[in-house]
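Chemist: To start, I am sharing the structure in question, which I have written as structure tokens.
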Amino acid sequence: MGDMANSSVDFHPKKPGMDGKACAEDFEVSLEELRALMEFRGAEALQKIQESYGDTEGLCHRLKTSPTDGLSDDPADLEKRWQVFGQNFIPPKKPKTFLQLVWEALQDVTLIILEIAAIISLGLSFYQPPGGDSEVCGNVSGGVEDEGEAEAGWIEGAAILLSVLCVVVVTAFNDWSKEKQFRGLQSRIEQEQRFAVVRNGTVLQIPVAELVVGDVAQVKYGDLLPADGVLIQGNDLKIDESSLTGESDHVRKAIDRDPMLLSGTHVMEGSGKMVVTAVGINSQTGIIFTLLGAGDMEEEKKENKKGKQDGTLENNQNKAKKQDEAVAMEMQPLKSAEGGEVEEREKKKASVPKKEKSVLQGKLTKLAVQIGKAGLVMSAITVIILMLYFVIETFVVQDRPWLTECTPIYVQYFVKFFIIGVTVLVVAVPEGLPLAVTISLAYSVKKMMKDNNLVRHLDACETMGNATAICSDKTGTLTTNRMTAVQIYIGDQHFHEIPTPQHISHHTLELLTTAISLNSAYTSKILAADKEGGLPKQVGNKTECALLGLVLDLKRDYQCVREQIPEEKLYKVYTFNSVRKSMSTVVQLPDRSFRIYSKGASEILLKKCSSILSRDGAARPFRPRDRDEMVKKVIEPMACDGLRTICVAYRDLPADPLPEWDNEADIINNLTCVAVVGIEDPVRPEVPEAIRKCQRAGITVRMVTGDNINTARAIAAKCGIIHAGDDFLCMEGKDFNRRIRNEKGEVEQERIDKIWPKLRVLARSSPTDKHTLVKGIIDSTICEQRQVVAVTGDGTNDGPALKKADVGFAMGIAGTDVAKEASDIILTDDNFTSIVKAVMWGRNVYDSISKFLQFQLTVNVVAVIVAFTGACITQDSPLKAVQMLWVNLIMDTFASLALATEPPTEALLLRKPYGRNNPLISRTMMKNILGHGVYQLIIIFTLLFVGERIFDIDSGRDAPLHAPPSEHYTIIFNTFVLMQLFNEINARKIHGERNVFDGIFSNPIFCTIVLGTFAIQIAIVQFGGKPFSCSPLNVEQWLWCLFVGVGELLWGQLISSVPTSQLKCLKEAGHGPAPDDIMDEDLAEDEEEIDHAERELRRGQILWFRGLNRIQTQMEVVSTFKRSGSFQGAVRRRSSVLSQLHDIRVVKAFRSSLYDGMEKPESRSSIHDFQAHPEFIITDSGHSIPLIDETDVDDESERSNHNHVRVHLRHGPLPPSSLPPQRPPRARYPTRQQSLPVTLNCNNNAAESRVYLTRPAHIPGPPSPLHSFETCL
């Protein structure tokens, strides 16, 4: 491993003054030495540090930094370090230039065909047949006699080329602005990532890019390390290095074992300090990135000249080119590329990221393919009919011989027919669809920023509109995450408000103060309020802040205690995680003996207490009977008030014999209880209303928390998640596990299906439970529609659940870097109401696309039929090629802009979710499309065949080849465009609403586009002349065209009067991919992914199908965005970069976006299907997770000790038959204990049968009002 990275040392651009001599003068260590040092691991690294520097302090000394106070904040010093050791920044790949994007847009097959046709047409128009007498060729060339007109023959070809250029420039500009927007989003995320460093002895949060070599950085649970460093102080530190090594086991880091910390790895447990030794392109992540081609391209060229590792480098550069946006749009500067994959699979997958297509994407692709096929058939038939008619008319009916000198004229006719055919295709294929999707998504993403939703994966925004279930955390999301201690049980007394110090014995008070001050992260503290009269500011873990606040309320100062015993002097720390549910710190007393301070969930810690401090401060025995009494009299009443209960305890241990610190179970035992504190975290005032909106919108909200069940139930009632009289379930994690697992401890889908529809609160849950629940709901087949689940999470261990969910929300404030990486959307204000806004935007995206579809398909149907029948009957399309391209521009680019930027309204939350299988085009929309199509066709055919008589003008039918434009056909073109413009207003409503002008002025873009298009149309008709085949119209003709256009609005009212329910004959269109497609996709798991449309293309059924090409270009950025956002904690492994190490043992469940294949219930059986079907096997006693009624410290709560939860890979999924979707029989049980009524209400709202039940005798004290109504399993 070391050799590999060494081999790439010369690979990096060096900053001026980076040569070793310059370093030697300023620092006693060079950049090369540090890079070589970071190649070592474990014992080798320790040995190297000892040989070269003596110890870590020696290293700090050479780097001119202090292990305790860090660097001075001197700008000159920082600048010098930047010069010598580089900046903490990996230069992104250059974006595509505008010209490159233009070139890509030109690759569109249909455009190429049009260009060829136009060039042939141009060439032929300059060709004059030899011999003046063109009568020989018959009336074929009638009209060419006029010299001026003959010279104008080139105009049509030139106009087509010009309009092609327009389309290309518009497309390229769209792509360019899209890329610019994503880069802006990326830089915003980069700026948000900050890291804690010590400078001048104070802790500062600085942007990651400002880290320099020599900085002393604080690392804590959940961090993603932004630079390489050497550990100088650590507590129980465990790191997930799988992103670099591919090994899924967590690596213990300690000063005396393995002090090397690498960038791009995750801190899974513990805390500590490190001195930064390599940043930016010199760090381990940077080395890999530069290999991937993210660094300076020139360096790569030099390297290639040297011919070093030629093949590999070539390969990587190609890959880098393919993924240029992937690297350029890396979500965070040092956060890595995708997961470590084996080289060949990388090569295959680089082009096609395997991620379940979003619902909308799937439906659109399928629809586009169908429309494309139809268009292709129509255009082919048009060309064939025109050619046959011409040949028969000329050579059979008129019986003319084929003369060589007439050949160019005949060819000109054929070219003209060909151009007509291509134009029919251009109009038929809805290449505006992908544009509309992209514009709509990009617009929504931009606006969602204002609503505190930072969208990382574009399609998450649309998926959210289909959400049917939200599994939310409690702390910080539903509650304010501002904890305060409000009750305390201390010295045998229960105080319902915080007492004065006089009420507590002095000895007890001192113990409590020291226990809280030392046994909490030193990063947690309480600062003065920002403004006068405000609340003090809580920094760090909120539960710890509540306890520190308690110390201050008791008129004591925690800072003095911490100054006496600084963090370096703590003997050992057992950090908090979701299996321990407690935190303990060991200090050595002056007499060499040890004292352990513990705090944690009260029910857990009380089980480990054997004595308790009495009123006078002396310890007395604490028996199980006392504990039960305390639970009933103190803990349950606190929990029923919605308080979280924390127990504080201690234990003294002798110095001799030295305790066996690794035997945690024996150490944290026989404790003495000091106090039990009740901490309140009030519900956010806006949450109950937000939850009510969700329930009205058909979305079930479930609370998944690590807290005590009584606390969770009380909070759920306050939020409105559960209501008195409803049929619901509240259960604990261990209960949940017991009911969903069979005798072997495996999770069974059938068992989950009996529970989840009624489950509203899951308390005392571990991250594994959360993942199991989410997976169970998604895999369930008991409802007609597959459930779409959104999940919120903040802890590192929420990663799997966030990845598994259809949409993962991470907390922007309380969330760890790891959670943010696994998520699709980051809530920048940690507030549940922002999720409701996301639902609104998601539904709005869906509606915008439907509006656009309704508008575009009407134009498509009409234009294709007009061009086709016109061509067949009059041998010439009434709408010319250039006019068709203009219509195409209106209905594609402009309409997609106008209709895709409609702002959302509250009304969107009044309907149920659409569901995954619902068609894109509803029956109401189909009614509108066909209704308006009929109106437009009647008008246009009337004008085509009797228009000259109505307006008393010359007929434009049967015009010769280069005849001047006629008023007749200009009126048809003008009327057609005006009808589309007014129909665009109709298209704003898709659910049959009458008032189509409702809220039109709230969308200035729409108004601008409609008026702008109208103005350009006037210019084209009046001054377009020959290129647009238009002849100027007088006022009366214009008024008639306008009158017919306005008729669209009146006709729209007529259509909406026809009830859709009466039109049984209408079919819906645009369903999602059929189940068998999905099964096919699953079988193709390891082959190169081929999505639905591509498979069609491969069969050669569609030869030049424009829409898909455009879908791919428009969606490219979206997919790259997804790929780059794949659980990014992973830097692509060096082995995969250098293609030397193929053997890889890696659990990709956490990282790879590839594990999300087209997942549907039919294709999955076991509930434990991560990506390569990993299984959580819980290696604790029994099948339940060891979480008895614990009170969790919830910000930290969902954090699981990864030693207990191992992920195993299983090969191959079970056959789908192993889990038949069974709908359980209905049953009702009168008594509470027996069983859950399984009337499964698939909309997840309250069950039809309300069950009123009495409170069982064993529940003590004043129960929560909901006890009596709850259905228990």
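Starting from 1 in every chain, residues are counted up; chains themselves are A, B, ... following the order of the structure tokens, and ligands are numbered from 1 as listed.
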Show me, as number ranges by chain, the residues that have an atom within 6 Å of Cys1041 (chain A) when counting only C-alpha atoms, minus same-chain residues fewer than 3 positions from it.
Modeler: A: 975, 1038, 1044
Chemist: Just to be explicit: take each residue in the selection above, keep C-alpha atoms, and write the result as a tab-separated table (two decimals), in the first residue's frame.
Modeler:
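Okay, again.tsv is ready:
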chain	number	residue	atom	x	y	z
A	975	THR	CA	-53.63	30.46	-36.12
A	1038	TRP	CA	-54.86	39.04	-37.47
A	1044	VAL	CA	-59.77	31.54	-33.00
Chemist: Would you please give, as a ChimeraX atom specification, all residues of region 609-776 of chain A that DSSP assigns to strand (DSSP E) based on the backbone?
Modeler: /A:609-613,619-621,644-653,671-680,700-704,729-732,759-763
Chemist: For the selection you just gave me, I'd like the residues written to a file as a compact mmCIF listing (two decimals), in the first residue's frame, keeping N, CA and C atoms.
Modeler:
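Just written: selection12.txt:
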# COMPACT_ATOMS: atom_id res chain seq x y z
N CYS A 609 -26.35 -0.01 39.72
CA CYS A 609 -26.05 0.66 41.00
C CYS A 609 -26.33 -0.31 42.16
N SER A 610 -25.42 -0.34 43.15
CA SER A 610 -25.67 -1.20 44.31
C SER A 610 -25.85 -0.35 45.58
N SER A 611 -25.60 0.97 45.45
CA SER A 611 -25.88 1.84 46.60
C SER A 611 -26.30 3.21 46.08
N ILE A 612 -26.81 4.04 47.00
CA ILE A 612 -27.32 5.37 46.61
C ILE A 612 -27.01 6.34 47.74
N LEU A 613 -26.77 7.60 47.38
CA LEU A 613 -26.45 8.58 48.43
C LEU A 613 -27.74 9.03 49.13
N ALA A 619 -23.56 6.86 51.67
CA ALA A 619 -24.10 5.83 50.77
C ALA A 619 -24.88 4.80 51.57
N ARG A 620 -26.04 4.38 51.04
CA ARG A 620 -26.79 3.29 51.66
C ARG A 620 -27.10 2.26 50.58
N PRO A 621 -27.36 1.00 50.98
CA PRO A 621 -27.58 -0.03 49.95
C PRO A 621 -28.79 0.30 49.07
N ARG A 644 -36.92 13.33 29.80
CA ARG A 644 -35.95 12.26 29.61
C ARG A 644 -35.18 12.16 30.92
N THR A 645 -34.93 10.94 31.40
CA THR A 645 -34.30 10.80 32.72
C THR A 645 -32.87 10.31 32.58
N ILE A 646 -31.95 11.03 33.24
CA ILE A 646 -30.53 10.69 33.20
C ILE A 646 -30.06 10.42 34.62
N CYS A 647 -29.34 9.30 34.78
CA CYS A 647 -28.82 8.95 36.10
C CYS A 647 -27.33 9.31 36.15
N VAL A 648 -26.91 9.91 37.26
CA VAL A 648 -25.48 10.23 37.45
C VAL A 648 -24.99 9.36 38.60
N ALA A 649 -23.84 8.64 38.39
CA ALA A 649 -23.35 7.73 39.43
C ALA A 649 -21.82 7.73 39.45
N TYR A 650 -21.24 7.10 40.48
CA TYR A 650 -19.77 7.02 40.52
C TYR A 650 -19.36 5.73 41.21
N ARG A 651 -18.04 5.42 41.14
CA ARG A 651 -17.51 4.25 41.83
C ARG A 651 -16.02 4.47 42.09
N ASP A 652 -15.55 4.05 43.26
CA ASP A 652 -14.12 4.14 43.56
C ASP A 652 -13.47 2.77 43.39
N LEU A 653 -12.27 2.75 42.78
CA LEU A 653 -11.54 1.49 42.60
C LEU A 653 -10.12 1.65 43.16
N LEU A 671 -22.09 0.56 41.09
CA LEU A 671 -21.96 2.02 41.17
C LEU A 671 -22.76 2.56 42.35
N THR A 672 -22.47 3.82 42.69
CA THR A 672 -23.26 4.52 43.72
C THR A 672 -24.04 5.62 43.01
N CYS A 673 -25.37 5.59 43.11
CA CYS A 673 -26.20 6.58 42.41
C CYS A 673 -26.13 7.93 43.15
N VAL A 674 -25.86 8.99 42.42
CA VAL A 674 -25.81 10.33 43.02
C VAL A 674 -27.15 11.03 42.83
N ALA A 675 -27.68 11.00 41.60
CA ALA A 675 -28.93 11.72 41.33
C ALA A 675 -29.57 11.19 40.05
N VAL A 676 -30.87 11.44 39.92
CA VAL A 676 -31.56 11.20 38.65
C VAL A 676 -32.14 12.55 38.22
N VAL A 677 -31.78 12.97 37.01
CA VAL A 677 -32.19 14.30 36.54
C VAL A 677 -33.25 14.14 35.45
N GLY A 678 -34.32 14.94 35.53
CA GLY A 678 -35.36 14.94 34.49
C GLY A 678 -35.11 16.11 33.55
N ILE A 679 -34.89 15.80 32.26
CA ILE A 679 -34.55 16.86 31.31
C ILE A 679 -35.70 17.05 30.32
N GLU A 680 -36.05 18.30 30.12
CA GLU A 680 -37.17 18.58 29.21
C GLU A 680 -36.64 19.10 27.88
N THR A 700 -48.25 9.20 6.65
CA THR A 700 -48.22 8.76 8.05
C THR A 700 -46.89 9.18 8.67
N VAL A 701 -46.96 9.81 9.84
CA VAL A 701 -45.72 10.18 10.53
C VAL A 701 -45.49 9.20 11.67
N ARG A 702 -44.29 8.62 11.70
CA ARG A 702 -43.94 7.71 12.80
C ARG A 702 -42.74 8.29 13.54
N MET A 703 -42.74 8.14 14.85
CA MET A 703 -41.60 8.63 15.61
C MET A 703 -40.70 7.45 15.97
N VAL A 704 -39.42 7.53 15.61
CA VAL A 704 -38.47 6.48 15.97
C VAL A 704 -37.42 7.14 16.84
N LEU A 729 -50.11 1.71 17.67
CA LEU A 729 -49.16 0.95 18.49
C LEU A 729 -47.99 1.82 18.91
N CYS A 730 -47.59 1.69 20.18
CA CYS A 730 -46.31 2.27 20.61
C CYS A 730 -45.52 1.09 21.15
N MET A 731 -44.32 0.88 20.69
CA MET A 731 -43.56 -0.24 21.24
C MET A 731 -42.08 0.09 21.36
N GLU A 732 -41.39 -0.79 22.12
CA GLU A 732 -39.96 -0.59 22.33
C GLU A 732 -39.18 -1.44 21.34
N LEU A 759 -48.08 0.89 13.72
CA LEU A 759 -47.00 1.40 14.56
C LEU A 759 -46.88 2.92 14.38
N ARG A 760 -46.89 3.65 15.48
CA ARG A 760 -46.71 5.10 15.40
C ARG A 760 -45.48 5.56 16.18
N VAL A 761 -45.12 4.81 17.24
CA VAL A 761 -43.96 5.21 18.04
C VAL A 761 -43.09 3.97 18.27
N LEU A 762 -41.81 4.07 17.92
CA LEU A 762 -40.87 3.01 18.24
C LEU A 762 -39.83 3.63 19.18
N ALA A 763 -39.88 3.23 20.44
CA ALA A 763 -39.01 3.84 21.44
C ALA A 763 -37.84 2.92 21.74
Chemist: I'd like the neighbourhood of Val383 (chain A) as a short mmCIF file (atom, residue, chain, number, x, y, z; two decimals) with N, CA and C atoms, in the first residue's frame, where a residue qualifies if any of its atoms comes within 12 Å (using only C-alpha atoms), though same-chain residues fewer than 4 positions away should be ignored.
Modeler:
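Final file, around08.cif:
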data_model
loop_
_atom_site.label_atom_id
_atom_site.label_comp_id
_atom_site.auth_asym_id
_atom_site.auth_seq_id
_atom_site.Cartn_x
_atom_site.Cartn_y
_atom_site.Cartn_z
N LEU A 376 -41.68 8.14 -35.29
CA LEU A 376 -40.83 7.55 -36.32
C LEU A 376 -41.70 6.92 -37.41
N VAL A 377 -42.70 6.16 -36.97
CA VAL A 377 -43.59 5.49 -37.93
C VAL A 377 -44.29 6.53 -38.80
N MET A 378 -44.84 7.58 -38.14
CA MET A 378 -45.58 8.61 -38.89
C MET A 378 -44.67 9.27 -39.93
N SER A 379 -43.44 9.63 -39.50
CA SER A 379 -42.58 10.37 -40.43
C SER A 379 -42.18 9.47 -41.60
N MET A 387 -43.26 10.44 -51.73
CA MET A 387 -42.42 10.00 -52.85
C MET A 387 -43.22 9.18 -53.85
N LEU A 388 -44.02 8.23 -53.33
CA LEU A 388 -44.83 7.39 -54.23
C LEU A 388 -45.76 8.25 -55.07
N TYR A 389 -46.44 9.19 -54.42
CA TYR A 389 -47.41 10.04 -55.11
C TYR A 389 -46.72 10.80 -56.23
N PHE A 390 -45.52 11.34 -55.91
CA PHE A 390 -44.77 12.13 -56.90
C PHE A 390 -44.37 11.26 -58.09
N TYR A 413 -36.98 17.69 -55.19
CA TYR A 413 -38.29 17.32 -54.66
C TYR A 413 -38.15 16.27 -53.56
N PHE A 414 -37.31 15.24 -53.87
CA PHE A 414 -37.15 14.18 -52.86
C PHE A 414 -36.58 14.74 -51.55
N VAL A 415 -35.61 15.66 -51.70
CA VAL A 415 -35.03 16.28 -50.50
C VAL A 415 -36.11 17.03 -49.72
N LYS A 416 -36.97 17.73 -50.49
CA LYS A 416 -38.05 18.48 -49.82
C LYS A 416 -38.96 17.51 -49.04
N PHE A 417 -39.28 16.38 -49.67
CA PHE A 417 -40.13 15.39 -48.97
C PHE A 417 -39.43 14.89 -47.72
N PHE A 418 -38.13 14.64 -47.89
CA PHE A 418 -37.35 14.12 -46.75
C PHE A 418 -37.37 15.12 -45.60
N ILE A 419 -37.20 16.41 -45.95
CA ILE A 419 -37.21 17.45 -44.91
C ILE A 419 -38.57 17.47 -44.20
N ILE A 420 -39.63 17.32 -44.98
CA ILE A 420 -40.97 17.29 -44.36
C ILE A 420 -41.07 16.13 -43.38
N GLY A 421 -40.57 14.95 -43.83
CA GLY A 421 -40.60 13.76 -42.95
C GLY A 421 -39.86 14.00 -41.65
N VAL A 422 -38.66 14.57 -41.79
CA VAL A 422 -37.86 14.81 -40.59
C VAL A 422 -38.57 15.81 -39.67
N THR A 423 -39.22 16.82 -40.28
CA THR A 423 -39.90 17.80 -39.42
C THR A 423 -41.03 17.15 -38.65
N VAL A 424 -41.73 16.23 -39.31
CA VAL A 424 -42.79 15.53 -38.57
C VAL A 424 -42.18 14.84 -37.35
N LEU A 425 -41.02 14.20 -37.56
CA LEU A 425 -40.36 13.52 -36.44
C LEU A 425 -39.94 14.51 -35.36
N ALA A 867 -49.31 17.76 -40.34
CA ALA A 867 -48.21 17.58 -41.29
C ALA A 867 -48.44 16.32 -42.13
N PHE A 868 -48.91 15.28 -41.49
CA PHE A 868 -49.09 13.99 -42.17
C PHE A 868 -50.22 14.06 -43.20
N THR A 869 -51.41 14.46 -42.74
CA THR A 869 -52.55 14.46 -43.69
C THR A 869 -52.33 15.53 -44.76
N ALA A 871 -49.56 16.57 -45.97
CA ALA A 871 -48.58 16.09 -46.95
C ALA A 871 -49.20 15.05 -47.87
N CYS A 872 -50.03 14.19 -47.30
CA CYS A 872 -50.61 13.13 -48.12
C CYS A 872 -51.63 13.69 -49.11
N GLN A 875 -49.56 17.09 -50.97
CA GLN A 875 -48.14 16.88 -51.31
C GLN A 875 -47.22 17.92 -50.69
N ASP A 876 -47.67 18.60 -49.68
CA ASP A 876 -46.82 19.62 -49.08
C ASP A 876 -47.36 19.86 -47.67
N SER A 877 -46.47 19.89 -46.71
CA SER A 877 -46.96 20.12 -45.34
C SER A 877 -47.40 21.57 -45.19
#
Chemist: If we count only C-alpha atoms, what is near Arg988 (chain A) at a cut-off of 12 Å, once residues fewer than 2 positions away on the same chain are taken out, given as a count of residues only?
Modeler: 42
Chemist: With only C-alpha atoms as the counted atoms, please give the residues lying no more than 7 Å from region 270-287 of chain A, apart from itself and same-chain residues fewer than 4 positions off, as a PyMOL selection string.
Modeler: chain A and resi 34-35+86-90+212-221+227-238+262-264+291+334+336+575+1131
Chemist: For Ser472 (chain A), which of A:Ile596, A:Ala254, A:Leu458, A:Val687 is the closest residue, counting only C-alpha atoms?
Modeler: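 Smallest separation from Ser472 (chain A) among the options: A:Val687.
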Chemist: Which one is closest to Ser593 (chain A): A:Pro637, A:Gly362, A:Pro657, A:Gly1047? Count only C-alpha atoms.
Modeler: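 The closest residue to Ser593 (chain A) is A:Pro657.
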Chemist: Please determine, counting only C-alpha atoms, which residue among A:Glu210, A:Asp175, A:Asp473, A:Glu784 has the shortest atom-to-atom distance to Trp82 (chain A).
Modeler: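 For Trp82 (chain A), the nearest of the given residues is A:Glu210.
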Chemist: So, counting only C-alpha atoms, which residue among A:Gly58, A:Gly745, A:Lys531, A:Glu269 is closest to Asn577 (chain A)?
Modeler: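 Looking at the shortest contact to Asn577 (chain A), the residue is A:Glu269.
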